[in-house]
file run_9.txt (compact mmCIF, C-alpha atoms)
# COMPACT_ATOMS: atom_id res chain seq x y z
CA MET O 2 144.86 195.56 108.28
CA SER O 3 142.54 197.61 110.50
CA ARG O 4 142.90 197.65 114.28
CA SER O 5 140.92 194.97 116.07
CA LYS O 6 137.97 196.15 118.11
CA ILE O 7 138.06 194.64 121.58
CA LEU O 8 135.33 194.79 124.21
CA LEU O 9 136.69 194.77 127.75
CA ILE O 10 134.15 193.28 130.20
CA TYR O 11 134.74 193.98 133.88
CA THR O 12 132.95 191.62 136.28
CA GLY O 13 134.92 192.43 139.44
CA GLY O 14 137.79 190.74 141.21
CA THR O 15 141.15 191.69 142.70
CA ILE O 16 142.39 193.45 139.57
CA GLY O 17 139.88 196.27 140.04
CA MET O 18 139.86 196.51 143.82
CA VAL O 19 140.97 199.35 146.05
CA GLN O 20 141.68 199.30 149.76
CA ASN O 21 139.09 200.71 152.14
CA ILE O 22 141.02 203.21 154.29
CA GLN O 23 138.83 202.58 157.33
CA THR O 24 138.66 198.76 157.31
CA GLY O 25 141.77 197.87 155.31
CA ALA O 26 139.71 195.41 153.25
CA LEU O 27 139.85 195.26 149.46
CA GLU O 28 136.63 196.38 147.77
CA ASN O 29 135.42 196.57 144.18
CA CYS O 30 135.40 200.01 142.64
CA ASP O 31 134.45 201.72 139.37
CA PHE O 32 136.74 200.10 136.84
CA GLY O 33 136.49 203.09 134.54
CA THR O 34 138.67 205.08 136.89
CA LEU O 35 141.30 202.35 136.83
CA VAL O 36 141.35 202.07 133.04
CA SER O 37 142.21 205.74 132.88
CA CYS O 38 145.29 204.96 134.98
CA ILE O 39 146.74 202.66 132.31
CA PRO O 40 147.99 204.95 129.54
CA GLU O 41 149.73 201.95 127.93
CA LEU O 42 146.35 200.77 126.65
CA ALA O 43 146.55 203.48 124.00
CA LEU O 44 149.69 201.80 122.64
CA THR O 45 148.10 198.41 122.05
CA SER O 46 147.16 197.18 118.60
CA ALA O 47 143.46 197.35 119.45
CA GLU O 48 140.60 199.79 119.64
CA ILE O 49 139.24 199.21 123.14
CA THR O 50 135.78 199.78 124.57
CA SER O 51 134.91 198.81 128.13
CA VAL O 52 131.71 197.75 129.86
CA SER O 53 131.16 196.78 133.47
CA PHE O 54 128.70 194.71 135.46
CA ARG O 55 126.10 197.02 136.98
CA LYS O 56 127.49 195.94 140.34
CA PRO O 57 130.96 194.32 140.12
CA ILE O 58 131.23 191.20 142.25
CA ASP O 59 133.89 189.24 144.05
CA SER O 60 134.58 186.03 142.16
CA SER O 61 133.38 184.04 145.19
CA ASP O 62 129.91 185.39 144.37
CA MET O 63 130.05 184.20 140.75
CA ASP O 64 127.09 182.01 139.77
CA PRO O 65 125.14 180.85 136.67
CA ALA O 66 123.19 184.12 136.56
CA ALA O 67 126.45 186.05 136.28
CA TRP O 68 127.67 183.65 133.59
CA SER O 69 124.49 184.37 131.67
CA GLU O 70 125.11 188.10 132.03
CA ILE O 71 128.56 187.68 130.47
CA VAL O 72 127.07 185.63 127.64
CA HIS O 73 124.42 188.31 127.04
CA ILE O 74 127.09 191.01 126.82
CA ILE O 75 129.15 188.97 124.36
CA SER O 76 126.19 187.90 122.22
CA ASP O 77 124.72 191.42 122.11
CA ASN O 78 128.06 192.76 120.87
CA TYR O 79 129.30 189.74 118.93
CA GLU O 80 129.08 191.23 115.45
CA GLU O 81 130.54 194.60 116.43
CA TYR O 82 133.76 193.38 118.06
CA ASP O 83 136.66 191.19 116.97
CA GLY O 84 137.37 189.83 120.42
CA PHE O 85 136.49 190.03 124.10
CA VAL O 86 138.54 190.28 127.29
CA VAL O 87 136.78 189.39 130.54
CA LEU O 88 138.30 190.77 133.74
CA HIS O 89 137.46 188.37 136.53
CA GLY O 90 138.49 187.39 140.04
CA THR O 91 140.90 184.48 140.16
CA ASP O 92 139.09 182.21 142.61
CA THR O 93 136.36 181.09 140.20
CA MET O 94 137.93 182.15 136.90
CA ALA O 95 138.43 178.55 135.73
CA PHE O 96 134.76 177.79 136.46
CA THR O 97 133.64 180.79 134.40
CA ALA O 98 136.03 180.01 131.54
CA SER O 99 134.73 176.43 131.47
CA ALA O 100 131.09 177.53 131.59
CA LEU O 101 131.56 180.04 128.76
CA SER O 102 133.19 177.40 126.57
CA PHE O 103 129.91 175.47 126.63
CA MET O 104 127.53 178.43 126.66
CA LEU O 105 129.15 180.15 123.65
CA GLU O 106 128.46 177.45 121.07
CA GLY O 107 129.99 178.05 117.64
CA LEU O 108 132.35 180.71 118.98
CA ASN O 109 134.70 181.99 116.28
CA LYS O 110 136.27 184.90 118.16
CA PRO O 111 138.64 185.18 121.13
CA VAL O 112 137.20 185.37 124.64
CA ILE O 113 140.16 185.84 126.97
CA LEU O 114 139.71 185.83 130.75
CA THR O 115 142.32 187.43 132.96
CA GLY O 116 142.76 189.14 136.30
CA SER O 117 145.44 189.54 138.91
CA GLN O 118 146.70 188.42 142.28
CA ILE O 119 147.57 192.01 143.24
CA PRO O 120 145.20 194.97 142.66
CA LEU O 121 145.87 197.14 139.63
CA GLN O 122 146.48 200.23 141.76
CA SER O 123 149.21 198.52 143.80
CA ILE O 124 152.79 199.28 142.83
CA ARG O 125 153.69 195.58 142.38
CA THR O 126 150.55 194.64 140.48
CA ASP O 127 150.60 191.78 138.03
CA GLY O 128 147.34 193.07 136.59
CA LYS O 129 148.81 195.54 134.12
CA GLU O 130 150.81 192.94 132.17
CA ASN O 131 147.99 190.39 132.33
CA LEU O 132 145.46 192.92 131.03
CA ILE O 133 147.59 194.40 128.24
CA THR O 134 148.75 191.00 126.98
CA ALA O 135 145.22 189.55 127.11
CA ILE O 136 144.10 192.43 124.89
CA GLU O 137 146.99 191.82 122.49
CA ILE O 138 146.06 188.13 122.27
CA ALA O 139 142.37 188.90 121.71
CA ALA O 140 143.36 191.34 118.96
CA ALA O 141 145.83 189.02 117.20
CA LYS O 142 144.97 188.02 113.61
CA ASP O 143 146.68 185.70 111.16
CA GLU O 144 147.78 186.57 107.63
CA ASN O 145 144.23 186.03 106.39
CA GLY O 146 142.75 188.43 108.92
CA HIS O 147 141.25 185.65 111.03
CA PRO O 148 141.60 185.57 114.84
CA VAL O 149 144.58 183.55 116.03
CA VAL O 150 142.78 182.26 119.12
CA PRO O 151 139.04 181.82 118.37
CA GLU O 152 138.12 180.15 121.66
CA VAL O 153 137.63 180.77 125.39
CA CYS O 154 140.98 181.03 127.17
CA ILE O 155 142.63 182.16 130.37
CA TYR O 156 145.71 184.33 130.13
CA PHE O 157 147.70 184.62 133.35
CA HIS O 158 151.36 185.30 134.11
CA GLU O 159 152.92 184.60 130.71
CA LYS O 160 150.69 181.60 129.91
CA LEU O 161 147.68 181.26 127.63
CA MET O 162 145.55 178.21 128.46
CA ARG O 163 142.37 176.71 127.07
CA GLY O 164 139.72 177.87 129.49
CA ASN O 165 138.07 174.52 130.12
CA ARG O 166 141.46 172.86 130.71
CA SER O 167 142.59 175.31 133.39
CA SER O 168 142.59 175.24 137.18
CA LYS O 169 143.73 177.64 139.88
CA VAL O 170 146.49 176.03 141.94
CA SER O 171 147.89 178.87 144.07
CA ALA O 172 146.32 181.54 146.25
CA SER O 173 149.52 183.57 146.45
CA ASN O 174 151.89 182.87 143.53
CA LEU O 175 151.63 185.11 140.50
CA SER O 176 151.61 181.98 138.35
CA ALA O 177 148.27 180.92 139.77
CA PHE O 178 146.86 178.73 136.99
CA VAL O 179 147.89 175.51 135.28
CA SER O 180 146.66 173.42 132.38
CA SER O 181 147.69 170.01 133.62
CA ASN O 182 146.32 167.77 130.88
CA TYR O 183 146.58 170.02 127.82
CA PRO O 184 149.51 171.98 126.36
CA LEU O 185 149.74 175.75 126.65
CA LEU O 186 148.24 177.67 123.72
CA ALA O 187 150.85 180.42 123.95
CA GLN O 188 153.68 181.69 126.10
CA THR O 189 154.89 185.25 126.41
CA GLY O 190 158.30 186.77 126.88
CA THR O 191 159.71 189.48 124.71
CA GLU O 192 157.16 188.24 122.15
CA ILE O 193 153.96 186.18 122.16
CA SER O 194 154.67 182.65 120.92
CA PHE O 195 151.47 180.94 119.80
CA HIS O 196 151.35 177.15 119.66
CA THR O 197 148.82 177.02 116.83
CA GLU O 198 148.76 173.22 116.65
CA TYR O 199 146.91 173.18 119.99
CA ILE O 200 144.56 176.09 119.30
CA ARG O 201 141.07 175.52 117.99
CA SER O 202 141.06 176.47 114.30
CA TYR O 203 138.99 179.31 112.88
CA ASP O 204 136.04 177.87 110.96
CA PRO O 205 133.78 180.22 108.96
CA SER O 206 131.10 177.52 108.79
CA ARG O 207 130.53 177.66 112.55
CA VAL O 208 127.29 179.35 113.57
CA PHE O 209 127.43 181.31 116.82
CA LYS O 210 124.67 180.25 119.22
CA PRO O 211 124.67 181.59 122.79
CA HIS O 212 123.08 179.58 125.60
CA PHE O 213 121.84 180.85 128.95
CA LEU O 214 120.42 177.87 130.85
CA MET O 215 122.41 176.10 133.56
CA GLU O 216 121.12 173.57 136.12
CA PRO O 217 122.93 173.93 139.47
CA SER O 218 121.21 170.95 141.13
CA ILE O 219 124.39 168.88 141.20
CA VAL O 220 126.89 167.95 143.88
CA ILE O 221 130.55 167.05 143.98
CA PHE O 222 132.06 164.79 146.59
CA SER O 223 135.44 163.18 147.03
CA LEU O 224 136.19 159.73 148.31
CA PHE O 225 138.51 159.31 151.28
CA PRO O 226 139.49 156.28 153.36
CA GLY O 227 136.71 155.62 155.86
CA ILE O 228 133.95 157.58 154.11
CA ARG O 229 130.63 156.79 155.79
CA GLN O 230 127.84 154.85 154.13
CA ASP O 231 125.01 156.95 155.57
CA ILE O 232 126.54 160.21 154.31
CA VAL O 233 127.10 158.89 150.77
CA GLU O 234 123.59 157.46 150.61
CA SER O 235 122.04 160.70 151.86
CA ILE O 236 123.68 162.52 148.95
CA LEU O 237 122.84 160.00 146.26
CA ARG O 238 119.23 159.53 147.43
CA ASN O 239 118.51 163.26 147.62
CA GLU O 240 115.72 163.87 145.11
CA SER O 241 116.92 167.43 144.47
CA VAL O 242 120.26 166.16 143.16
CA LYS O 243 120.20 165.60 139.39
CA GLY O 244 123.89 164.99 138.80
CA VAL O 245 126.99 163.98 140.74
CA ILE O 246 130.68 164.67 140.14
CA PHE O 247 132.35 161.73 141.89
CA ARG O 248 136.05 162.31 142.67
CA THR O 249 137.76 158.96 143.01
CA PHE O 250 141.27 157.67 143.66
CA GLY O 251 143.97 157.37 140.99
CA SER O 252 142.68 156.28 137.61
CA GLY O 253 139.06 156.17 138.79
CA ASN O 254 139.09 153.67 141.63
CA ALA O 255 136.82 153.31 144.65
CA PRO O 256 136.65 150.99 147.69
CA GLN O 257 135.15 147.59 146.98
CA ARG O 258 132.10 148.06 149.18
CA LYS O 259 128.78 146.57 148.10
CA TRP O 260 126.85 149.38 149.72
CA LEU O 261 128.75 151.95 147.63
CA VAL O 262 128.15 150.17 144.34
CA ASP O 263 124.47 149.63 145.22
CA ALA O 264 124.03 153.29 146.14
CA LEU O 265 125.60 154.44 142.86
CA SER O 266 123.57 151.95 140.82
CA ASP O 267 120.33 153.01 142.52
CA ALA O 268 121.10 156.68 141.89
CA VAL O 269 121.62 156.02 138.18
CA LYS O 270 118.30 154.15 138.09
CA MET O 271 116.69 157.22 139.68
CA GLY O 272 117.80 159.21 136.62
CA LYS O 273 120.90 160.88 138.02
CA VAL O 274 124.05 161.37 135.93
CA ILE O 275 127.19 160.35 137.84
CA VAL O 276 130.59 161.29 136.44
CA ASN O 277 133.83 159.76 137.67
CA ILE O 278 136.83 162.12 137.73
CA THR O 279 140.20 161.59 139.38
CA GLN O 280 141.39 163.42 142.47
CA CYS O 281 144.87 163.56 140.92
CA ALA O 282 146.12 166.79 139.39
CA THR O 283 147.12 165.02 136.18
CA GLY O 284 146.11 161.86 134.39
CA SER O 285 142.86 160.27 133.29
CA VAL O 286 140.11 158.00 134.54
CA GLU O 287 140.32 154.45 133.17
CA MET O 288 137.62 152.46 134.92
CA ASN O 289 138.37 149.20 133.12
CA LYS O 290 141.98 149.17 134.33
CA TYR O 291 141.36 147.77 137.82
CA GLU O 292 138.53 145.85 139.44
CA THR O 293 138.04 148.80 141.82
CA GLY O 294 137.14 150.96 138.82
CA LEU O 295 135.29 148.34 136.80
CA GLN O 296 132.70 148.02 139.56
CA LEU O 297 131.79 151.68 139.04
CA LEU O 298 131.47 151.23 135.31
CA GLU O 299 129.11 148.32 135.86
CA ALA O 300 127.04 150.48 138.23
CA GLY O 301 126.41 152.99 135.43
CA VAL O 302 128.98 155.62 136.39
CA ILE O 303 130.39 157.60 133.44
CA SER O 304 134.10 158.23 132.90
CA GLY O 305 135.11 161.88 132.87
CA ARG O 306 138.47 160.90 131.40
CA ASP O 307 140.94 163.77 131.96
CA ILE O 308 138.41 166.58 132.48
CA THR O 309 139.00 169.18 135.20
CA VAL O 310 136.76 169.61 138.22
CA GLU O 311 135.64 173.00 136.91
CA ALA O 312 134.81 171.76 133.43
CA SER O 313 133.00 168.66 134.70
CA ILE O 314 130.75 170.74 136.93
CA THR O 315 129.89 173.38 134.36
CA LYS O 316 129.46 170.86 131.53
CA LEU O 317 126.98 168.85 133.60
CA MET O 318 125.17 172.06 134.59
CA PHE O 319 124.98 172.98 130.91
CA LEU O 320 123.64 169.63 129.70
CA LEU O 321 121.08 169.26 132.49
CA GLY O 322 120.07 172.90 132.12
CA HIS O 323 118.97 172.22 128.55
CA GLY O 324 116.79 169.28 129.54
CA ILE O 325 118.90 166.68 127.76
CA PRO O 326 117.67 163.17 128.72
CA GLN O 327 119.80 161.10 131.08
CA LYS O 328 121.22 158.65 128.53
CA GLU O 329 122.16 161.39 126.09
CA ALA O 330 123.65 163.51 128.89
CA MET O 331 125.69 160.49 129.97
CA ARG O 332 126.95 160.02 126.41
CA ARG O 333 127.91 163.67 126.02
CA MET O 334 129.66 163.72 129.40
CA SER O 335 131.96 160.97 128.15
CA ILE O 336 133.01 162.74 124.92
CA PRO O 337 134.49 166.20 124.23
CA ILE O 338 132.03 168.83 123.04
CA ALA O 339 134.22 171.93 123.48
CA GLY O 340 137.75 170.58 123.69
CA GLU O 341 137.43 169.94 127.41
CA MET O 342 138.81 166.39 127.41
CA SER O 343 141.23 164.26 125.40

call {"tool": "encode", "arguments": {"input": "run_9.txt", "output": "structure tokens"}}
result
Amino acid sequence: MSRSKILLIYTGGTIGMVQNIQTGALENCDFGTLVSCIPELALTSAEITSVSFRKPIDSSDMDPAAWSEIVHIISDNYEEYDGFVVLHGTDTMAFTASALSFMLEGLNKPVILTGSQIPLQSIRTDGKENLITAIEIAAAKDENGHPVVPEVCIYFHEKLMRGNRSSKVSASNLSAFVSSNYPLLAQTGTEISFHTEYIRSYDPSRVFKPHFLMEPSIVIFSLFPGIRQDIVESILRNESVKGVIFRTFGSGNAPQRKWLVDALSDAVKMGKVIVNITQCATGSVEMNKYETGLQLLEAGVISGRDITVEASITKLMFLLGHGIPQKEAMRRMSIPIAGEMS
């Protein structure tokens, strides 16, 4: 079996940063110089080519335009490569992984995002293992020569996770990401152990179709005890807002306040899509479980079930960006379209 061809896409982030001697701050640098410092790459099972953003960015600066740039790079090189590894800052990695899962419709090849908590040039870096293993995963094929992981994933600190099921939970621990509501796709130790029963299967009938349109005119707000009526109404009545990610208590519950239900109902009548997701790290929204949740369902709020914050935001951006009518967008927000919810 021939060596897999992997395209390494550098967007920026801690993994490729160096310290400015004068200011002490970490700054993005030419990733090509860092790749040359990793001789172990020559020992991987892949033939590696690298490409970089024209101007690498901190992940805090990631936005839909940058997501589209990643999609363009992948789509322009889709037929030539067996898999893709995206080097990315950790802060918004889960957002990007979620966005790509929707934007890369019909994907039948691995797209593995990774990065590091410590720069690659530092002596204690976690970037080297993350990078090398991500490449090995992207290059992995089964006995039929098909990719083992033909979907968008995050690999970080010995764990492979479905991209749109992942969230960053630590700013300092090397194990920075979790997949709270979906099992790990693989774990690494002395070997890579794939959990194939949880991985999206390779399907030769899938047709790859990249998308580039995202609508950022949405907001996310969380309930808290004592939240003010005027503030909530100012958000929901804002004509620029087309969609709302509504973070509620527990299994999708909200205070029994008539003004809140009326404001939500009026916003839905205005054509806005409102999605109810839980503030809890694990679990699912069940709006018909308690009266405090049922009132939201009756107001026209959609259940996001067990979707992550990152996936809910990017999925709504994706649907609204393609001009999907409100009722159809509401329907699609309540069902999985890329494995993002149970």

call {"tool": "residues_around", "arguments": {"input": "run_9.txt", "residues": "Pro120 of chain O", "least_positions_apart": "2", "cutoff": "8 Å", "atoms": "all atoms listed in the file", "output": "tab-separated table (two decimals) with C-alpha atoms, in the coordinates of the input"}}
result
chain	number	residue	atom	x	y	z
O	15	THR	CA	141.15	191.69	142.70
O	16	ILE	CA	142.39	193.45	139.57
O	17	GLY	CA	139.88	196.27	140.04
O	18	MET	CA	139.86	196.51	143.82
O	19	VAL	CA	140.97	199.35	146.05
O	117	SER	CA	145.44	189.54	138.91
O	118	GLN	CA	146.70	188.42	142.28
O	122	GLN	CA	146.48	200.23	141.76
O	123	SER	CA	149.21	198.52	143.80
O	126	THR	CA	150.55	194.64	140.48
O	127	ASP	CA	150.60	191.78	138.03
O	128	GLY	CA	147.34	193.07	136.59

call {"tool": "residues_near_point", "arguments": {"input": "run_9.txt", "point": "(128.2, 174.2, 122.0)", "cutoff": "9 Å", "atoms": "only C-alpha atoms", "output": "number ranges by chain"}}
result
O: 102-108, 209-212, 338-339

call {"tool": "closest_residue", "arguments": {"input": "run_9.txt", "among": "O:Ile155, O:Val220, O:Ala177, O:Leu161", "to": "Leu317 of chain O", "atoms": "all atoms listed in the file"}}
result
O:Val220

call {"tool": "residues_around", "arguments": {"input": "run_9.txt", "residues": "segment 87-89 of chain O", "least_positions_apart": "6", "cutoff": "6 Å", "atoms": "only C-alpha atoms", "output": "ChimeraX atom specification"}}
result
/O:10-14,114-116

call {"tool": "residues_near_point", "arguments": {"input": "run_9.txt", "point": "(132.2, 147.5, 150.8)", "cutoff": "12 Å", "atoms": "only C-alpha atoms", "output": "list in words"}}
result
Pro226, Gly227, Ile228, Arg229, Gln230, Ala255, Pro256, Gln257, Arg258, Lys259, Trp260, Leu261, Val262, Asp263, Ala264, Thr293 and Gln296 of chain O

call {"tool": "write_last_selection", "arguments": {"input": "run_9.txt", "atoms": "C-alpha atoms", "output": "PDB file, in the frame of the given file"}}
result
ATOM      1  CA  PRO O 226     139.490 156.280 153.360  1.00  0.00           C
ATOM      2  CA  GLY O 227     136.710 155.620 155.860  1.00  0.00           C
ATOM      3  CA  ILE O 228     133.950 157.580 154.110  1.00  0.00           C
ATOM      4  CA  ARG O 229     130.630 156.790 155.790  1.00  0.00           C
ATOM      5  CA  GLN O 230     127.840 154.850 154.130  1.00  0.00           C
ATOM      6  CA  ALA O 255     136.820 153.310 144.650  1.00  0.00           C
ATOM      7  CA  PRO O 256     136.650 150.990 147.690  1.00  0.00           C
ATOM      8  CA  GLN O 257     135.150 147.590 146.980  1.00  0.00           C
ATOM      9  CA  ARG O 258     132.100 148.060 149.180  1.00  0.00           C
ATOM     10  CA  LYS O 259     128.780 146.570 148.100  1.00  0.00           C
ATOM     11  CA  TRP O 260     126.850 149.380 149.720  1.00  0.00           C
ATOM     12  CA  LEU O 261     128.750 151.950 147.630  1.00  0.00           C
ATOM     13  CA  VAL O 262     128.150 150.170 144.340  1.00  0.00           C
ATOM     14  CA  ASP O 263     124.470 149.630 145.220  1.00  0.00           C
ATOM     15  CA  ALA O 264     124.030 153.290 146.140  1.00  0.00           C
ATOM     16  CA  THR O 293     138.040 148.800 141.820  1.00  0.00           C
ATOM     17  CA  GLN O 296     132.700 148.020 139.560  1.00  0.00           C
TER      18      GLN O 296
END

call {"tool": "residues_around", "arguments": {"input": "run_9.txt", "residues": "Thr97 of chain O", "least_positions_apart": "5", "cutoff": "12 Å", "atoms": "all atoms listed in the file", "output": "PyMOL selection string"}}
result
chain O and resi 12+60-72+87-92+102-105+112-115+153-155+164-169+311-312+314-316

call {"tool": "write_last_selection", "arguments": {"input": "run_9.txt", "atoms": "C-alpha atoms", "output": "tab-separated table (two decimals), keeping the file's coordinate frame"}}
result
chain	number	residue	atom	x	y	z
O	12	THR	CA	132.95	191.62	136.28
O	60	SER	CA	134.58	186.03	142.16
O	61	SER	CA	133.38	184.04	145.19
O	62	ASP	CA	129.91	185.39	144.37
O	63	MET	CA	130.05	184.20	140.75
O	64	ASP	CA	127.09	182.01	139.77
O	65	PRO	CA	125.14	180.85	136.67
O	66	ALA	CA	123.19	184.12	136.56
O	67	ALA	CA	126.45	186.05	136.28
O	68	TRP	CA	127.67	183.65	133.59
O	69	SER	CA	124.49	184.37	131.67
O	70	GLU	CA	125.11	188.10	132.03
O	71	ILE	CA	128.56	187.68	130.47
O	72	VAL	CA	127.07	185.63	127.64
O	87	VAL	CA	136.78	189.39	130.54
O	88	LEU	CA	138.30	190.77	133.74
O	89	HIS	CA	137.46	188.37	136.53
O	90	GLY	CA	138.49	187.39	140.04
O	91	THR	CA	140.90	184.48	140.16
O	92	ASP	CA	139.09	182.21	142.61
O	102	SER	CA	133.19	177.40	126.57
O	103	PHE	CA	129.91	175.47	126.63
O	104	MET	CA	127.53	178.43	126.66
O	105	LEU	CA	129.15	180.15	123.65
O	112	VAL	CA	137.20	185.37	124.64
O	113	ILE	CA	140.16	185.84	126.97
O	114	LEU	CA	139.71	185.83	130.75
O	115	THR	CA	142.32	187.43	132.96
O	153	VAL	CA	137.63	180.77	125.39
O	154	CYS	CA	140.98	181.03	127.17
O	155	ILE	CA	142.63	182.16	130.37
O	164	GLY	CA	139.72	177.87	129.49
O	165	ASN	CA	138.07	174.52	130.12
O	166	ARG	CA	141.46	172.86	130.71
O	167	SER	CA	142.59	175.31	133.39
O	168	SER	CA	142.59	175.24	137.18
O	169	LYS	CA	143.73	177.64	139.88
O	311	GLU	CA	135.64	173.00	136.91
O	312	ALA	CA	134.81	171.76	133.43
O	314	ILE	CA	130.75	170.74	136.93
O	315	THR	CA	129.89	173.38	134.36
O	316	LYS	CA	129.46	170.86	131.53

call {"tool": "closest_residue", "arguments": {"input": "run_9.txt", "among": "O:Ala98, O:Leu175, O:Met342, O:Ala300", "to": "Val269 of chain O", "atoms": "all atoms listed in the file"}}
result
O:Ala300

call {"tool": "atom_distance", "arguments": {"input": "run_9.txt", "atom1": "atom CA of Arg207 of chain O", "atom2": "atom CA of Leu8 of chain O"}}
result
21.3 Å

call {"tool": "atom_distance", "arguments": {"input": "run_9.txt", "atom1": "atom CA of Asp307 of chain O", "atom2": "atom CA of Glu341 of chain O"}}
result
8.4 Å

call {"tool": "atom_distance", "arguments": {"input": "run_9.txt", "atom1": "atom CA of Ser202 of chain O", "atom2": "atom CA of Val149 of chain O"}}
result
8.1 Å

call {"tool": "closest_residue", "arguments": {"input": "run_9.txt", "among": "O:Ser46, O:Asn174, O:Thr93, O:Ser53", "to": "Ala135 of chain O", "atoms": "only C-alpha atoms"}}
result
O:Ser46

call {"tool": "closest_residue", "arguments": {"input": "run_9.txt", "among": "O:Lys160, O:Lys328, O:Ile232, O:Ala282", "to": "Ser194 of chain O", "atoms": "all atoms listed in the file"}}
result
O:Lys160

call {"tool": "closest_residue", "arguments": {"input": "run_9.txt", "among": "O:Ser252, O:Lys243, O:Phe222, O:Ile39", "to": "Gln327 of chain O", "atoms": "all atoms listed in the file"}}
result
O:Lys243

call {"tool": "closest_residue", "arguments": {"input": "run_9.txt", "among": "O:Lys290, O:Arg125, O:Arg201, O:Arg248", "to": "Ile275 of chain O", "atoms": "all atoms listed in the file"}}
result
O:Arg248

call {"tool": "residues_around", "arguments": {"input": "run_9.txt", "residues": "segment 138-148 of chain O", "least_positions_apart": "2", "cutoff": "9 Å", "atoms": "only C-alpha atoms", "output": "list in words"}}
result
Met2, Arg4, Ser5, Lys6, Ile7, Ser46, Ala47, Glu48, Asp83, Gly84, Phe85, Val86, Asn109, Lys110, Pro111, Val112, Ile113, Ile133, Thr134, Ala135, Ile136, Val150, Pro151, Tyr156, Leu161, Ile193 and Tyr203 of chain O

call {"tool": "build_atoms", "arguments": {"input": "run_9.txt", "residues": "segment 180-185 of chain O", "atoms": "all heavy atoms", "output": "mmCIF file, in the frame of the given file"}}
result
data_model
loop_
_atom_site.group_PDB
_atom_site.id
_atom_site.type_symbol
_atom_site.label_atom_id
_atom_site.label_comp_id
_atom_site.auth_asym_id
_atom_site.auth_seq_id
_atom_site.Cartn_x
_atom_site.Cartn_y
_atom_site.Cartn_z
ATOM 1 N N SER O 180 147.438 174.260 133.289
ATOM 2 C CA SER O 180 146.660 173.420 132.380
ATOM 3 C C SER O 180 147.341 172.062 132.388
ATOM 4 O O SER O 180 148.215 171.775 131.569
ATOM 5 C CB SER O 180 146.654 174.030 130.971
ATOM 6 O OG SER O 180 145.957 173.197 130.066
ATOM 7 N N SER O 181 146.945 171.229 133.335
ATOM 8 C CA SER O 181 147.690 170.010 133.620
ATOM 9 C C SER O 181 147.626 168.960 132.519
ATOM 10 O O SER O 181 148.593 168.238 132.288
ATOM 11 C CB SER O 181 147.179 169.390 134.931
ATOM 12 O OG SER O 181 147.401 170.260 136.021
ATOM 13 N N ASN O 182 146.493 168.852 131.849
ATOM 14 C CA ASN O 182 146.320 167.770 130.880
ATOM 15 C C ASN O 182 146.221 168.237 129.435
ATOM 16 O O ASN O 182 145.808 167.462 128.565
ATOM 17 C CB ASN O 182 145.058 166.958 131.234
ATOM 18 C CG ASN O 182 145.274 166.075 132.453
ATOM 19 O OD1 ASN O 182 146.338 165.512 132.654
ATOM 20 N ND2 ASN O 182 144.251 165.978 133.289
ATOM 21 N N TYR O 183 146.601 169.511 129.193
ATOM 22 C CA TYR O 183 146.580 170.020 127.820
ATOM 23 C C TYR O 183 147.683 171.047 127.668
ATOM 24 O O TYR O 183 147.904 171.858 128.570
ATOM 25 C CB TYR O 183 145.220 170.643 127.486
ATOM 26 C CG TYR O 183 145.004 170.838 125.993
ATOM 27 C CD1 TYR O 183 144.705 169.754 125.174
ATOM 28 C CD2 TYR O 183 145.116 172.095 125.409
ATOM 29 C CE1 TYR O 183 144.513 169.914 123.809
ATOM 30 C CE2 TYR O 183 144.928 172.267 124.048
ATOM 31 C CZ TYR O 183 144.630 171.174 123.248
ATOM 32 O OH TYR O 183 144.450 171.333 121.899
ATOM 33 N N PRO O 184 148.394 171.044 126.532
ATOM 34 C CA PRO O 184 149.510 171.980 126.360
ATOM 35 C C PRO O 184 149.064 173.437 126.379
ATOM 36 O O PRO O 184 147.905 173.768 126.091
ATOM 37 C CB PRO O 184 150.070 171.601 124.974
ATOM 38 C CG PRO O 184 149.590 170.215 124.719
ATOM 39 C CD PRO O 184 148.254 170.111 125.392
ATOM 40 N N LEU O 185 150.001 174.316 126.700
ATOM 41 C CA LEU O 185 149.740 175.750 126.650
ATOM 42 C C LEU O 185 149.453 176.174 125.211
ATOM 43 O O LEU O 185 150.049 175.658 124.265
ATOM 44 C CB LEU O 185 150.930 176.535 127.190
ATOM 45 C CG LEU O 185 151.303 176.300 128.655
ATOM 46 C CD1 LEU O 185 152.534 177.132 129.011
ATOM 47 C CD2 LEU O 185 150.147 176.636 129.578
#
